[in-house]
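Below is one structure; the comments refer to it alone.
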There are 2 protein chains.
Amino acid sequence: MNEQGGRGFIRIPKATFRAHIVDGLRSAILKGEISPGAQVTESSLAEQFGVSRGPLREAMRQLIDEGLLVTIPYTGTHVVELSVDDVREIYSMRVNLEIFAFELVWEKRDEAFRQGLLSRQAELTRCIDSSDDVASIDAELQLHGFIYEVSGHKILQKTWESIRGRLQLYWAAHHRAHGIRGPRRDGHDSYVANALGESLDVMRTEIRAHMARGGQQTEDFLLSSNAGKLERSDVQARATR
Amino acid sequence: MNEQGGRGFIRIPKATFRAHIVDGLRSAILKGEISPGAQVTESSLAEQFGVSRGPLREAMRQLIDEGLLVTIPYTGTHVVELSVDDVREIYSMRVNLEIFAFELVWEKRDEAFRQGLLSRQAELTRCIDSSDDVASIDAELQLHGFIYEVSGHKILQKTWESIRGRLQLYWAAHHRAHGIRGPRRDGHDSYVANALGESLDVMRTEIRAHMARGGQQTEDFLLSSNAGKLERSDVQARATR
DNA sequence: TGCTCATCGATTGTCAACAATCAATCACAG
DNA sequence: CTGTGATTGATTGTTGACAATCGATGAGCA
């Protein structure tokens with residue numbers, strides 16, 4: 001894990017240390033600098049971030065809430081491990097949430113919506129064409145997240161954010177394991193086309209198909225890479241939020 | 001998980017102060033002992049619960065995440081205020097979540113499911129008949145929550161829990177303001193009947209109608225009781241999570 | 001060998017004091 | 001009287017030290 005040279009005396013990092021640490025730690029987890037299953041201790045992280053255990057503790061608590069960390073009282077805290085069931089749940093939930101978001105947005109689609117969707121699609125295409133896998137993961141999340149933003153539904157948005165982290169974690173692990181990640185560009189082309197199309201029912205079908213493809217691919221990866229890790233379920237069973 | 005018989009007499013969960021405080025504080029908020037909009041300070045609560053500010057702070061952070069508290073850095077923390085938009089969002093989200101839950105459960109409905117649903121309906125009816133409004137709120141939440149439990153979908157369950165608190169807060173405030181709360185018993189009778197019925201589509205319609213009734217009732221209450229409270233939006237605009 | 005139990009190191013949980021920030025107040029000049 | 005800037009009290013943010021708990025280790029013994 002790389003320490004960014006000393007600790008810059010840049011005041012006003014974020015209104016509070018906690019928010020700053022949350023971003024840094026989450027980023028480190030999603031970038032794979034701390035691999036799934038690895039233990040993270042408050043003391044070492046506090047030293048790395050140059051703060052005391054207090055704010056760091058609260059930051060970890062938030063990441064536990066986001067489902068990126070798992071903790072066992074008085075014992076230890078680990079980066080969450082991949083689970084096939086979790087991935088199934090995430091994708092089935094995504095189908096549900098994204099259809100709901102489109103139902104909210106459908107009648108309010110305007111030129112700005114069209115532009116926003118197309119620009120994000122273009123960015124995603126660019127990242128795929130240049131084989132920048134890490135950036136393409138982010139671009140894909142930006143594309144899908146756009147719908148939730150436009151919906152203006154705060155609870156829906158927060159729910160999306162609560163699963164986005166784990167989704168990104170799965171994708172990032174998938175990328176590191178398989179070298180190439182390869183999201184289906186034509187899949188997103190038809191996704192965007194239908195999102196701008198005439199029929200909401202067609203879009204519903206598109207979302208289900210879109211998620212089925214992505215979910216299946218991720219499941220296959222997990223089944224192959226997770227064989228023989230039985231202690232994980234044991235850890236999760238005893239874990240508390 | 002079964003408790004090992006060895007020394008399993010440690011009755012109190014007492015695992016951590018934080019969990020205990022979260023329950024106590026949330027209960028106090030939902031019971032109205034701290035009214036919406038009231039300020040809660042860490043020091044006074046710490047003294048009240050007989051603990052230091054550390055664990056209490058983490059407990060508050062969790063309730064902030066649950067949407068029961070709102071905090072402004074370095075300034076203060078308040079019990080969240082009712083907002084018409086929030087209620088709209090909660091109810092629209094509930095329609096979505098509960099339909100999803102029934103889609104998951106529908107094919108797996110068995111005798112245990114039927115029994116669980118009927119017993120909770122009976123409990124709700126009993127509370128309504130005895131005019132125990134506070135208990136009927138809890139009973140209604142138990143009835144609806146049962147669906148999410150049975151679904152076995154952890155993310156869906158957590159999402160439901162993340163809005164349940166605010167829903168309960170609204171209902172409790174409604175009850176205190178109007179004296180009588182009066183959930184529609186026949187509404188729940190048809191709800192349960194359709195939940196045990198043959199057609200999933202009918203159940204979808206039932207859920208939409210059920211939420212429309214409850215949502216409209218709560219909205220009317222908020223519009224009448226919240227007139228002239230404009231500074232609230234100001235507070236929420238500056239609040240951070 | 002195989003089992004029990006005390007011990008030890010590691011990690012999280014808790015505490016009380018100190019620092020930073022904000023909002024209200026008040027003196028004061030125009 | 002009105003607006004403005006310093007002051008002050010209140011509240012959250014941060015810190016380092018101390019306590020409680022857990023899992024592993026190894027000694028002791030049948």
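Just so we're on the same page: first chain in the structure tokens is A, next is B, and so on; residues restart at 1 for each chain, and ligands are numbered from 1 in the order they show up.
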
For stretch 201-209 of chain B, please output as a tab-separated table (two decimals) with C-alpha atoms, in the first residue's frame all residues within 6 Å (counting only C-alpha atoms (C1' of nucleotides); exclusion window: fewer than 4 positions along the same chain).
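Result went into around-v1.tsv, see below:
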chain	number	residue	atom	x	y	z
B	95	VAL	CA	-44.47	-0.07	-3.52
B	99	ILE	CA	-43.78	-5.92	-5.13
B	194	ASN	CA	-54.57	-11.28	-1.91

Interface rows for chain D against chain A: nearest pair, Å to one decimal, 10 Å, only C-alpha atoms (C1' of nucleotides), as JSON lines:
{"residue": "D:DG13", "atom": "C1'", "partner": "A:Thr16", "partner_atom": "CA", "distance": 7.5}
{"residue": "D:DT14", "atom": "C1'", "partner": "A:Gly54", "partner_atom": "CA", "distance": 7.1}
{"residue": "D:DT15", "atom": "C1'", "partner": "A:Ser52", "partner_atom": "CA", "distance": 6.2}
{"residue": "D:DG16", "atom": "C1'", "partner": "A:Ser52", "partner_atom": "CA", "distance": 8.1}
{"residue": "D:DA20", "atom": "C1'", "partner": "A:Tyr74", "partner_atom": "CA", "distance": 8.3}
{"residue": "D:DT21", "atom": "C1'", "partner": "A:Tyr74", "partner_atom": "CA", "distance": 5.5}
{"residue": "D:DC22", "atom": "C1'", "partner": "A:Thr75", "partner_atom": "CA", "distance": 5.7}
{"residue": "D:DG23", "atom": "C1'", "partner": "A:Thr75", "partner_atom": "CA", "distance": 8.2}

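Backbone DSSP assigns strand (DSSP E or B) in stretch 32-218 of chain A to Gln39, Leu69, Val70, Thr71, Ile72, Gly76, Thr77, His78 and Val79 of chain A.
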
### Task
Could you list the residues in chain C lying within 8 Å of chain A, using only C-alpha atoms (C1' of nucleotides), and format the result as a PyMOL selection string?
chain C and resi 11-13

So that I have them on file, write out the residues from the current selection with N, CA, C and O atoms (P, O5', C5', C4', C3', O3' and C1' of nucleotides), as a compact mmCIF listing (two decimals), in the first residue's frame.
# COMPACT_ATOMS: atom_id res chain seq x y z
P DT C 11 -3.16 -7.34 15.12
O5' DT C 11 -4.63 -6.86 15.52
C5' DT C 11 -5.69 -7.79 15.53
C4' DT C 11 -6.88 -7.20 16.24
C3' DT C 11 -7.18 -5.74 15.90
O3' DT C 11 -8.38 -5.65 15.17
C1' DT C 11 -7.35 -6.17 18.24
P DT C 12 -8.98 -4.21 14.80
O5' DT C 12 -10.17 -4.03 15.83
C5' DT C 12 -11.13 -5.07 15.98
C4' DT C 12 -11.88 -4.93 17.29
C3' DT C 12 -12.76 -3.68 17.39
O3' DT C 12 -14.02 -4.04 17.94
C1' DT C 12 -11.30 -3.74 19.21
P DG C 13 -15.17 -2.93 18.11
O5' DG C 13 -15.06 -2.50 19.65
C5' DG C 13 -15.60 -3.37 20.62
C4' DG C 13 -15.51 -2.74 22.00
C3' DG C 13 -16.25 -1.41 22.15
O3' DG C 13 -17.02 -1.43 23.34
C1' DG C 13 -14.00 -1.15 22.81

### Query
Could you give the C-alpha RMSD in Å for chain A superposed on chain B, pairing all atoms in order?
5.5 Å
